[in-house]
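> Structure: start_31.cif, mmCIF, C-alpha atoms.
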data_protein
#
loop_
_atom_site.label_atom_id
_atom_site.label_comp_id
_atom_site.auth_asym_id
_atom_site.auth_seq_id
_atom_site.Cartn_x
_atom_site.Cartn_y
_atom_site.Cartn_z
CA PRO K 1 -46.31 45.92 -129.38
CA LYS K 2 -44.68 48.95 -127.83
CA LEU K 3 -47.95 50.39 -126.51
CA PHE K 4 -48.47 47.41 -124.19
CA VAL K 5 -44.92 47.80 -122.88
CA LEU K 6 -45.52 51.48 -122.15
CA ILE K 7 -48.80 50.78 -120.36
CA ASP K 8 -47.22 48.05 -118.23
CA LYS K 9 -44.39 50.42 -117.31
CA GLY K 10 -46.97 52.99 -116.30
CA ILE K 11 -48.79 50.51 -114.06
CA ALA K 12 -45.50 49.55 -112.44
CA GLU K 13 -44.66 53.22 -111.83
CA ILE K 14 -47.91 54.04 -110.03
CA LYS K 15 -47.44 50.99 -107.80
CA LYS K 16 -43.94 52.01 -106.69
CA ASN K 17 -43.57 52.67 -102.98
CA GLY K 18 -46.95 51.12 -102.37
CA GLY K 19 -48.63 53.77 -104.48
CA SER K 20 -47.75 56.46 -101.95
CA ILE K 21 -46.48 58.97 -104.54
CA LYS K 22 -49.57 60.64 -106.01
CA PRO K 23 -50.09 63.61 -108.34
CA GLU K 24 -53.20 64.67 -106.39
CA ALA K 25 -54.60 68.01 -107.67
CA ASP K 26 -52.21 68.02 -110.63
CA ASP K 27 -54.06 64.98 -111.94
CA LEU K 28 -56.80 66.40 -114.18
CA ILE K 29 -58.43 63.03 -114.87
CA PHE K 30 -58.67 61.11 -111.59
CA ASN K 31 -57.48 63.64 -108.99
CA GLY K 32 -54.66 61.42 -107.77
CA ASP K 33 -56.66 58.18 -107.50
CA LEU K 34 -54.06 55.62 -108.56
CA VAL K 35 -56.52 52.70 -108.43
CA LYS K 36 -58.59 54.43 -111.10
CA TRP K 37 -55.44 54.94 -113.16
CA GLU K 38 -54.71 51.22 -112.96
CA LYS K 39 -58.27 50.46 -114.05
CA PHE K 40 -57.89 52.90 -116.96
CA ALA K 41 -54.57 51.34 -117.97
CA ASN K 42 -56.04 47.84 -118.01
CA ALA K 43 -59.11 49.06 -119.90
CA LEU K 44 -56.84 50.65 -122.47
CA LYS K 45 -54.97 47.35 -122.83
CA LEU K 46 -58.27 45.53 -123.29
CA ARG K 47 -59.28 47.99 -126.00
CA LEU K 48 -55.96 47.56 -127.78
CA TYR K 49 -56.05 43.76 -127.56
CA ASN K 50 -59.53 43.91 -129.06
CA HIS K 51 -58.21 46.10 -131.88
CA LEU K 52 -55.91 43.18 -132.74
CA SER K 53 -58.68 40.59 -132.81
CA GLN K 54 -58.31 39.87 -136.52
CA VAL K 55 -54.65 38.93 -136.18
CA GLN K 56 -54.59 37.78 -132.54
CA PRO K 57 -58.12 36.40 -132.03
CA ASN K 58 -57.52 35.10 -128.49
CA ALA K 59 -55.46 37.98 -127.09
CA ALA K 60 -58.34 40.02 -125.65
CA ALA K 61 -60.04 36.96 -124.14
CA ASN K 62 -56.77 35.74 -122.64
CA PHE K 63 -56.18 39.13 -121.04
CA LEU K 64 -59.76 39.31 -119.74
CA ASN K 65 -59.37 35.85 -118.23
CA THR K 66 -56.53 37.14 -116.04
CA ASN K 67 -59.19 39.17 -114.16
CA PRO K 68 -57.46 42.54 -114.55
CA LEU K 69 -58.65 45.45 -112.46
CA LEU K 70 -61.15 47.24 -114.73
CA PRO K 71 -63.67 50.09 -114.43
CA VAL K 72 -66.84 48.98 -112.66
CA GLY K 73 -69.02 52.10 -112.90
CA ASN K 74 -69.26 55.57 -114.37
CA ALA K 75 -67.19 56.94 -111.50
CA ASP K 76 -64.27 55.13 -113.15
CA ASN K 77 -64.77 56.82 -116.54
CA ALA K 78 -61.69 58.63 -117.83
CA VAL K 79 -63.11 62.07 -118.55
CA HIS K 80 -61.53 65.47 -119.13
CA GLN K 81 -63.04 68.89 -119.68
CA PHE K 82 -61.22 71.46 -121.80
CA ASP K 83 -63.27 74.59 -120.97
CA GLU K 84 -62.97 75.81 -124.55
CA LEU K 85 -65.25 75.81 -127.59
CA SER K 86 -64.27 76.16 -131.23
CA GLY K 87 -67.43 78.12 -132.01
CA ARG K 88 -67.96 76.17 -135.22
CA LYS K 89 -71.55 75.54 -136.28
CA ASP K 90 -70.98 74.00 -139.71
CA ASN K 91 -70.72 70.36 -138.62
CA ALA K 92 -74.08 68.77 -139.29
CA ILE K 93 -74.89 65.36 -137.83
CA ALA K 94 -74.81 62.39 -140.21
CA LYS K 95 -78.14 61.13 -141.49
CA THR K 96 -76.88 57.56 -140.98
CA LEU K 97 -76.77 57.90 -137.20
CA ILE K 98 -79.85 60.05 -136.65
CA ASP K 99 -82.06 57.88 -138.85
CA LYS K 100 -80.90 54.75 -137.02
CA MET K 101 -81.61 56.25 -133.61
CA VAL K 102 -85.00 57.59 -134.71
CA SER K 103 -85.96 54.12 -135.97
CA LEU K 104 -85.16 52.76 -132.49
CA SER K 105 -87.01 55.54 -130.62
CA ASP K 106 -83.72 56.11 -128.82
CA PRO K 107 -84.18 58.48 -125.84
CA ARG K 108 -80.60 59.68 -126.25
CA ILE K 109 -81.55 61.67 -129.38
CA PRO K 110 -82.29 65.01 -127.63
CA ILE K 111 -79.14 64.57 -125.54
CA PHE K 112 -76.82 63.79 -128.45
CA PHE K 113 -78.34 66.32 -130.85
CA PHE K 114 -80.02 69.68 -131.17
CA PRO K 115 -83.06 69.67 -133.46
CA VAL K 116 -83.03 71.87 -136.55
CA LYS K 117 -82.68 75.37 -135.13
CA ASN K 118 -84.44 77.65 -137.61
CA ASP K 119 -87.54 77.34 -139.78
CA GLY K 120 -86.29 78.63 -143.11
CA ALA K 121 -87.05 75.26 -144.70
CA GLY K 122 -90.05 74.38 -142.53
CA LEU K 123 -87.99 71.82 -140.60
CA GLN K 124 -87.55 73.55 -137.25
CA GLY K 125 -87.65 71.18 -134.29
CA LYS K 126 -86.98 68.02 -136.31
CA TYR K 127 -83.97 65.75 -135.89
CA LEU K 128 -82.42 65.49 -139.33
CA GLY K 129 -78.96 64.62 -140.59
CA ASN K 130 -77.00 65.39 -143.72
CA GLU K 131 -76.14 62.59 -146.11
CA ALA K 132 -72.52 61.52 -145.81
CA GLY K 133 -70.30 63.13 -148.39
CA ILE K 134 -72.86 65.69 -149.55
CA ASP K 135 -71.68 69.28 -149.16
CA ASN K 136 -75.05 70.90 -148.50
CA ASP K 137 -74.85 74.49 -147.32
CA ASP K 138 -76.64 74.94 -144.00
CA ALA K 139 -75.05 78.12 -142.70
CA GLY K 140 -78.50 79.32 -141.66
CA GLU K 141 -79.09 76.16 -139.58
CA ASN K 142 -82.37 75.47 -141.37
CA ASN K 143 -81.86 71.88 -142.52
CA PHE K 144 -79.78 69.73 -140.21
CA SER K 145 -79.23 68.92 -136.55
CA ARG K 146 -76.04 69.78 -134.69
CA THR K 147 -74.30 68.12 -131.75
CA GLY K 148 -76.30 68.69 -128.57
CA ALA K 149 -75.29 70.52 -125.42
CA PHE K 150 -74.18 67.42 -123.52
CA TYR K 151 -71.15 66.94 -125.78
CA ALA K 152 -70.84 70.42 -127.32
CA SER K 153 -70.99 72.97 -124.52
CA ILE K 154 -68.11 74.66 -122.76
CA ASN K 155 -68.40 72.32 -119.77
CA SER K 156 -69.00 69.12 -121.73
CA PRO K 157 -67.13 65.95 -120.80
CA VAL K 158 -64.51 64.64 -123.19
CA VAL K 159 -64.67 60.89 -122.66
CA LEU K 160 -61.32 59.19 -123.13
CA LEU K 161 -62.52 55.73 -122.11
CA SER K 162 -65.72 54.70 -120.35
CA ASN K 163 -67.11 51.84 -118.33
CA SER K 164 -69.76 51.49 -121.04
CA GLU K 165 -67.09 50.91 -123.69
CA VAL K 166 -65.38 48.32 -121.49
CA ASN K 167 -68.66 46.43 -121.12
CA PHE K 168 -69.22 46.47 -124.88
CA ILE K 169 -65.73 45.05 -125.39
CA LYS K 170 -66.43 42.36 -122.82
CA ALA K 171 -69.74 41.55 -124.54
CA GLU K 172 -67.96 41.13 -127.86
CA ILE K 173 -65.31 38.86 -126.36
CA GLN K 174 -67.89 36.77 -124.52
CA GLN K 175 -70.18 36.50 -127.55
CA LYS K 176 -67.30 35.24 -129.71
CA ALA K 177 -66.42 32.70 -127.01
CA GLY K 178 -70.00 31.42 -126.97
CA ASN K 179 -70.63 32.65 -123.42
CA LEU K 180 -73.95 34.24 -124.34
CA VAL K 181 -75.27 34.64 -120.78
CA ALA K 182 -72.25 36.72 -119.81
CA ALA K 183 -72.40 38.58 -123.13
CA LYS K 184 -75.99 39.64 -122.44
CA LEU K 185 -75.10 40.89 -118.97
CA SER K 186 -72.22 42.94 -120.36
CA TYR K 187 -74.34 44.25 -123.25
CA ASP K 188 -77.17 45.32 -120.95
CA SER K 189 -74.70 46.92 -118.54
CA ALA K 190 -73.00 48.84 -121.35
CA ILE K 191 -76.25 50.46 -122.45
CA SER K 192 -77.43 51.06 -118.89
CA ASN K 193 -74.07 52.65 -118.00
CA ASP K 194 -74.36 55.06 -120.91
CA PHE K 195 -77.93 56.01 -120.00
CA GLU K 196 -76.85 56.72 -116.44
CA PHE K 197 -73.88 58.80 -117.60
CA LEU K 198 -76.18 60.89 -119.78
CA GLY K 199 -78.62 61.49 -116.92
CA LEU K 200 -81.35 59.15 -118.12
CA THR K 201 -83.18 56.89 -115.68
CA VAL K 202 -83.07 53.18 -114.97
CA ALA K 203 -86.63 53.03 -116.29
CA ASN K 204 -85.48 54.62 -119.55
CA ALA K 205 -82.81 51.96 -119.95
CA THR K 206 -85.16 49.13 -119.04
CA THR K 207 -87.78 50.27 -121.56
CA TYR K 208 -85.17 50.69 -124.27
CA LEU K 209 -83.63 47.27 -123.67
CA SER K 210 -87.04 45.62 -123.76
CA GLN K 211 -87.61 46.56 -127.40
CA PRO K 212 -87.29 43.55 -129.76
CA GLN K 213 -84.83 45.43 -131.98
CA ILE K 214 -82.67 46.27 -128.95
CA THR K 215 -82.86 43.17 -126.71
CA PHE K 216 -79.70 41.09 -127.00
CA ASP K 217 -80.27 38.44 -129.67
CA ASN K 218 -76.93 36.61 -129.25
CA SER K 219 -75.49 38.28 -132.37
CA LEU K 220 -72.31 40.27 -132.80
CA SER K 221 -74.16 42.75 -134.99
CA ARG K 222 -76.50 43.68 -132.12
CA ILE K 223 -73.52 44.45 -129.87
CA MET K 224 -71.64 46.46 -132.47
CA ASN K 225 -74.65 48.49 -133.61
CA GLN K 226 -75.37 49.57 -130.06
CA LYS K 227 -71.71 50.25 -129.36
CA TRP K 228 -71.56 52.43 -132.49
CA ILE K 229 -74.46 54.54 -131.20
CA THR K 230 -73.04 54.79 -127.70
CA MET K 231 -69.59 55.76 -129.00
CA PHE K 232 -71.02 58.78 -130.81
CA GLN K 233 -68.48 60.94 -128.97
CA ALA K 234 -65.59 58.69 -130.09
CA PRO K 235 -66.03 58.19 -133.85
CA TYR K 236 -62.52 56.83 -134.32
CA GLU K 237 -63.39 53.77 -132.21
CA GLY K 238 -66.56 53.29 -134.25
CA TRP K 239 -64.47 53.25 -137.43
CA VAL K 240 -61.97 50.78 -135.94
CA ASP K 241 -64.82 48.50 -134.85
CA TRP K 242 -66.39 48.66 -138.32
CA ARG K 243 -63.06 47.72 -139.91
CA ARG K 244 -62.78 44.68 -137.62
CA THR K 245 -66.36 43.41 -137.66
CA GLY K 246 -68.20 44.91 -140.62
CA PHE K 247 -70.84 46.33 -138.26
CA PRO K 248 -72.78 48.48 -138.49
CA VAL K 249 -73.45 47.86 -142.16
CA LEU K 250 -72.51 51.12 -143.88
CA VAL K 251 -72.64 52.42 -147.44
CA PRO K 252 -69.97 54.68 -148.97
CA ALA K 253 -70.56 58.41 -149.06
CA LYS K 254 -72.40 59.49 -152.20
CA GLU K 255 -69.60 61.87 -153.10
CA ASN K 256 -66.17 60.48 -152.32
CA ARG K 257 -62.61 60.33 -153.59
CA THR K 258 -62.04 56.65 -152.84
CA ASN K 259 -63.89 55.06 -155.77
CA GLY K 260 -66.86 54.13 -153.60
CA ILE K 261 -64.75 52.31 -151.01
CA ILE K 262 -64.91 53.24 -147.33
CA PRO K 263 -61.29 53.81 -146.27
CA LEU K 264 -59.71 51.08 -144.16
CA ARG K 265 -56.59 53.04 -143.27
CA ILE K 266 -55.75 56.63 -142.44
CA PRO K 267 -52.92 58.14 -144.53
CA TYR K 268 -49.64 58.58 -142.70
CA PRO K 269 -48.49 62.18 -142.32
CA GLN K 270 -45.62 63.04 -144.67
CA LEU K 271 -43.38 63.70 -141.66
CA GLU K 272 -43.78 60.11 -140.45
CA ILE K 273 -43.18 58.77 -143.96
CA ASN K 274 -39.96 60.79 -144.13
CA LEU K 275 -38.83 59.35 -140.80
#
Starting from the file, give its structure as structure tokens.

Amino acid sequence: PKLFVLIDKGIAEIKKNGGSIKPEADDLIFNGDLVKWEKFANALKLRLYNHLSQVQPNAAANFLNTNPLLPVGNADNAVHQFDELSGRKDNAIAKTLIDKMVSLSDPRIPIFFFPVKNDGAGLQGKYLGNEAGIDNDDAGENNFSRTGAFYASINSPVVLLSNSEVNFIKAEIQQKAGNLVAAKLSYDSAISNDFEFLGLTVANATTYLSQPQITFDNSLSRIMNQKWITMFQAPYEGWVDWRRTGFPVLVPAKENRTNGIIPLRIPYPQLEINL
């Protein structure tokens, strides 16, 4: 596919002249670090190969087996910061995600979400989500949680691709190949990486991973459920993963226009159809 060609061309470009031509301060992602750009490019290829796993089941594993240069820590995360807020407060968090995280006693809850702000419904301080597809009015912020400060403040990171995501992809590839020891290491690293990125401690991660409902149980569902939680800030990837694997197990929104079917494709814009 064309995307792989473009990425390979990009890698070749940054390696020209021994990598001596650098954007430096003009580079808003990696500040001129071309090694990190190569890691990002390879991670992006790994993500895309994994997207194709239903039609090219060995592509991601074959690429991983070439030992490409990949992110190895949170310092390699591709992150940007836009310094601008929309000011919108009408986007409540989904009940699906909050309820799942509450059931797991997930310490990321107060980082991902604000509790209910006001006490008009006697719910102040609780972490509650709106049911998918239900247009409940919460203009007074009395019923539902909102996205927390870590991802919704003016200086919040916008994560384009993280070391945690790469480790989840590796865990999926290794689990499917039957390499369960390596899959567990990648799975544990993915969660630990995310905890570190969010400012949680090693002890927090260790305690979380020790829970029976969190500890790697050799299943694909365990990997994908945890990846879905971790990728809270990248819902498109969560949707793509669900399309490929069926995990997490979801139910259609109560009110929908798709006859009770969760969409598997996004409509093409009319402009692209015309082209």
> Near Leu52 (chain K), within 12 Å and counting all atoms listed in the file, which residues show up once chain neighbours fewer than 6 positions away are dropped, as a PyMOL selection string?
chain K and resi 1+45-46+58-61+240-241+243-245
> Those residues you just picked out, can you put them in a file as a CSV table (one decimal), in the coordinates of the input with C-alpha atoms?

chain,number,residue,atom,x,y,z
K,1,PRO,CA,-46.3,45.9,-129.4
K,45,LYS,CA,-55.0,47.4,-122.8
K,46,LEU,CA,-58.3,45.5,-123.3
K,58,ASN,CA,-57.5,35.1,-128.5
K,59,ALA,CA,-55.5,38.0,-127.1
K,60,ALA,CA,-58.3,40.0,-125.6
K,61,ALA,CA,-60.0,37.0,-124.1
K,240,VAL,CA,-62.0,50.8,-135.9
K,241,ASP,CA,-64.8,48.5,-134.8
K,243,ARG,CA,-63.1,47.7,-139.9
K,244,ARG,CA,-62.8,44.7,-137.6
K,245,THR,CA,-66.4,43.4,-137.7
> Take the point (-61.6, 72.7, -123.3) as written in the file and pick out every residue within 9 Å of it, counting only C-alpha atoms; give the list as a list of chain:residue names.
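Returned residue set, sorted by chain then number, is K:His80, K:Gln81, K:Phe82, K:Asp83, K:Glu84, K:Leu85, K:Ile154, K:Asn155, K:Ser156, K:Val158.
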> So the first atom is CA of Asp188 (chain K) and the second is CA of Leu209 (chain K); what is the distance between them in Å, to one decimal place?
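Between these atoms lies a distance of 7.3 Å.
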> Using Å and a single decimal, report how far CA of Ala132 (chain K) sits from CA of Val249 (chain K).
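One can read the CA of Val249 (chain K) to CA of Ala132 (chain K) distance as 14.2 Å.
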> Using the chain letters and numbers from the file, give me the residues hit by the PyMOL selection byres ((chain K and resi 253-263) around 10), as a list in words.
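So the PyMOL selection byres ((chain K and resi 253-263) around 10) ends up selecting Glu131, Ala132, Gly133, Ile134, Asp135, Trp239, Arg243, Leu250, Val251, Pro252, Leu264, Arg265, Ile266 and Pro267 of chain K.
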> Grab the CA of Lys95 (chain K) to CA of Ile214 (chain K) distance for me, in Å with one decimal place.
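Separating CA of Lys95 (chain K) from CA of Ile214 (chain K) is a distance of 20.0 Å.
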> Write out as JSON lines the residues of region 145-244 of chain K that have any atom within 12 Å of an atom of region 109-120 of chain K, one row each with the nearest atom pair and its distance in Å to one decimal, counting all atoms listed in the file, sorted by chain and then rising number.

{"residue": "K:Ser145", "atom": "CA", "partner": "K:Val116", "partner_atom": "CA", "distance": 4.8}
{"residue": "K:Arg146", "atom": "CA", "partner": "K:Phe114", "partner_atom": "CA", "distance": 5.3}
{"residue": "K:Thr147", "atom": "CA", "partner": "K:Phe113", "partner_atom": "CA", "distance": 4.5}
{"residue": "K:Gly148", "atom": "CA", "partner": "K:Phe113", "partner_atom": "CA", "distance": 3.9}
{"residue": "K:Ala149", "atom": "CA", "partner": "K:Ile111", "partner_atom": "CA", "distance": 7.1}
{"residue": "K:Phe150", "atom": "CA", "partner": "K:Ile111", "partner_atom": "CA", "distance": 6.1}
{"residue": "K:Tyr151", "atom": "CA", "partner": "K:Phe112", "partner_atom": "CA", "distance": 7.0}
{"residue": "K:Ala152", "atom": "CA", "partner": "K:Phe112", "partner_atom": "CA", "distance": 9.0}
{"residue": "K:Ser153", "atom": "CA", "partner": "K:Phe112", "partner_atom": "CA", "distance": 11.6}
{"residue": "K:Ser156", "atom": "CA", "partner": "K:Phe112", "partner_atom": "CA", "distance": 11.6}
{"residue": "K:Asp194", "atom": "CA", "partner": "K:Ile111", "partner_atom": "CA", "distance": 11.6}
{"residue": "K:Phe195", "atom": "CA", "partner": "K:Ile111", "partner_atom": "CA", "distance": 10.3}
{"residue": "K:Phe197", "atom": "CA", "partner": "K:Ile111", "partner_atom": "CA", "distance": 11.1}
{"residue": "K:Leu198", "atom": "CA", "partner": "K:Ile111", "partner_atom": "CA", "distance": 7.4}
{"residue": "K:Gly199", "atom": "CA", "partner": "K:Ile111", "partner_atom": "CA", "distance": 9.2}
{"residue": "K:Leu200", "atom": "CA", "partner": "K:Ile111", "partner_atom": "CA", "distance": 9.5}
{"residue": "K:Ile229", "atom": "CA", "partner": "K:Phe112", "partner_atom": "CA", "distance": 9.9}
{"residue": "K:Thr230", "atom": "CA", "partner": "K:Phe112", "partner_atom": "CA", "distance": 9.8}
{"residue": "K:Met231", "atom": "CA", "partner": "K:Phe112", "partner_atom": "CA", "distance": 10.8}
{"residue": "K:Phe232", "atom": "CA", "partner": "K:Phe112", "partner_atom": "CA", "distance": 8.0}
{"residue": "K:Gln233", "atom": "CA", "partner": "K:Phe112", "partner_atom": "CA", "distance": 8.8}
> List as a VMD selection string the protein and nucleic acid residues near region 162-174 of chain K, meaning an atom at most 6 Å away when only C-alpha atoms are counted, but skip any in the same chain fewer than 5 places from it.
chain K and resid 71 73 to 74 77 179 183 186 to 187 190 193 to 194
> Between K:Gly238, K:Asn50, K:Gly246, K:Gly19, which is the closest to Ser221 (chain K) once you count all atoms listed in the file?
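The answer is K:Gly246, which sits nearest to Ser221 (chain K).
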> Could you work out an axis-aligned box for region 265-271 of chain K, taking every atom the file lists and adding 6 Å on each side, and report centre and edge lengths in Å to one decimal, as JSON?

{"center_x": -50.0, "center_y": 58.4, "center_z": -143.2, "size_x": 25.2, "size_y": 22.7, "size_z": 15.0}
> Considering all atoms listed in the file, state which residue in the set K:Ala121, K:Ile11, K:Ile191, K:Ile93 is at the smallest distance from Thr206 (chain K).
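Ranked by minimum distance to Thr206 (chain K), first place goes to K:Ile191.
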> List the spatial neighbours of Asp76 (chain K) as an NGL selection string - criterion: any atom at most 10 Å away, all atoms listed in the file, same-chain residues fewer than 2 positions off excluded.
:K and (29-30 or 33 or 35-37 or 39-40 or 70-74 or 78-79 or 161-163)
> All heavy atoms for region 88-98 of chain K, written as a tab-separated table (two decimals), in the coordinates of the input, could you do that?

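The resulting out.tsv:
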chain	number	residue	atom	x	y	z
K	88	ARG	N	-67.51	76.60	-133.90
K	88	ARG	CA	-67.96	76.17	-135.22
K	88	ARG	C	-69.40	75.65	-135.16
K	88	ARG	O	-69.78	74.97	-134.23
K	88	ARG	CB	-67.05	75.07	-135.77
K	88	ARG	CG	-65.65	75.54	-136.09
K	88	ARG	CD	-64.83	74.46	-136.75
K	88	ARG	NE	-65.42	74.05	-138.03
K	88	ARG	CZ	-64.77	73.27	-138.90
K	88	ARG	NH1	-63.56	72.84	-138.62
K	88	ARG	NH2	-65.35	72.93	-140.03
K	89	LYS	N	-70.17	75.99	-136.19
K	89	LYS	CA	-71.55	75.54	-136.28
K	89	LYS	C	-71.84	74.86	-137.61
K	89	LYS	O	-73.00	74.65	-137.96
K	89	LYS	CB	-72.50	76.73	-136.10
K	89	LYS	CG	-72.39	77.41	-134.74
K	89	LYS	CD	-73.38	78.56	-134.61
K	89	LYS	CE	-73.28	79.23	-133.25
K	89	LYS	NZ	-74.25	80.35	-133.12
K	90	ASP	N	-70.79	74.53	-138.35
K	90	ASP	CA	-70.98	74.00	-139.71
K	90	ASP	C	-70.92	72.48	-139.77
K	90	ASP	O	-70.96	71.90	-140.86
K	90	ASP	CB	-69.94	74.60	-140.66
K	90	ASP	CG	-68.51	74.35	-140.21
K	90	ASP	OD1	-68.31	74.06	-139.02
K	90	ASP	OD2	-67.59	74.44	-141.05
K	91	ASN	N	-70.82	71.82	-138.62
K	91	ASN	CA	-70.72	70.36	-138.62
K	91	ASN	C	-72.08	69.74	-138.36
K	91	ASN	O	-72.48	69.55	-137.21
K	91	ASN	CB	-69.71	69.89	-137.56
K	91	ASN	CG	-68.29	70.29	-137.91
K	91	ASN	OD1	-67.90	70.26	-139.07
K	91	ASN	ND2	-67.51	70.67	-136.92
K	92	ALA	N	-72.78	69.41	-139.43
K	92	ALA	CA	-74.08	68.77	-139.29
K	92	ALA	C	-73.91	67.31	-138.89
K	92	ALA	O	-72.88	66.68	-139.17
K	92	ALA	CB	-74.87	68.86	-140.60
K	93	ILE	N	-74.90	66.76	-138.22
K	93	ILE	CA	-74.89	65.36	-137.83
K	93	ILE	C	-75.19	64.49	-139.05
K	93	ILE	O	-75.95	64.87	-139.94
K	93	ILE	CB	-75.93	65.10	-136.73
K	93	ILE	CG1	-75.61	65.95	-135.50
K	93	ILE	CG2	-75.99	63.63	-136.36
K	93	ILE	CD1	-74.25	65.67	-134.89
K	94	ALA	N	-74.60	63.30	-139.09
K	94	ALA	CA	-74.81	62.39	-140.21
K	94	ALA	C	-76.22	61.79	-140.18
K	94	ALA	O	-76.70	61.37	-139.13
K	94	ALA	CB	-73.77	61.28	-140.20
K	95	LYS	N	-76.82	61.74	-141.34
K	95	LYS	CA	-78.14	61.13	-141.49
K	95	LYS	C	-78.12	59.66	-141.06
K	95	LYS	O	-79.10	59.15	-140.50
K	95	LYS	CB	-78.57	61.26	-142.95
K	95	LYS	CG	-79.88	60.58	-143.32
K	95	LYS	CD	-80.20	60.82	-144.80
K	95	LYS	CE	-81.40	59.99	-145.25
K	95	LYS	NZ	-82.63	60.38	-144.55
K	96	THR	N	-77.01	58.98	-141.31
K	96	THR	CA	-76.88	57.56	-140.98
K	96	THR	C	-77.20	57.30	-139.52
K	96	THR	O	-77.98	56.40	-139.18
K	96	THR	CB	-75.45	57.07	-141.27
K	96	THR	OG1	-75.05	57.51	-142.57
K	96	THR	CG2	-75.37	55.55	-141.20
K	97	LEU	N	-76.60	58.10	-138.64
K	97	LEU	CA	-76.77	57.90	-137.20
K	97	LEU	C	-78.14	58.35	-136.73
K	97	LEU	O	-78.82	57.62	-135.99
K	97	LEU	CB	-75.68	58.64	-136.43
K	97	LEU	CG	-75.74	58.54	-134.91
K	97	LEU	CD1	-75.65	57.09	-134.45
K	97	LEU	CD2	-74.64	59.37	-134.26
K	98	ILE	N	-78.55	59.55	-137.12
K	98	ILE	CA	-79.85	60.05	-136.65
K	98	ILE	C	-80.98	59.14	-137.09
K	98	ILE	O	-81.87	58.80	-136.30
K	98	ILE	CB	-80.09	61.49	-137.13
K	98	ILE	CG1	-79.24	62.47	-136.30
K	98	ILE	CG2	-81.56	61.87	-137.02
K	98	ILE	CD1	-79.55	63.92	-136.52
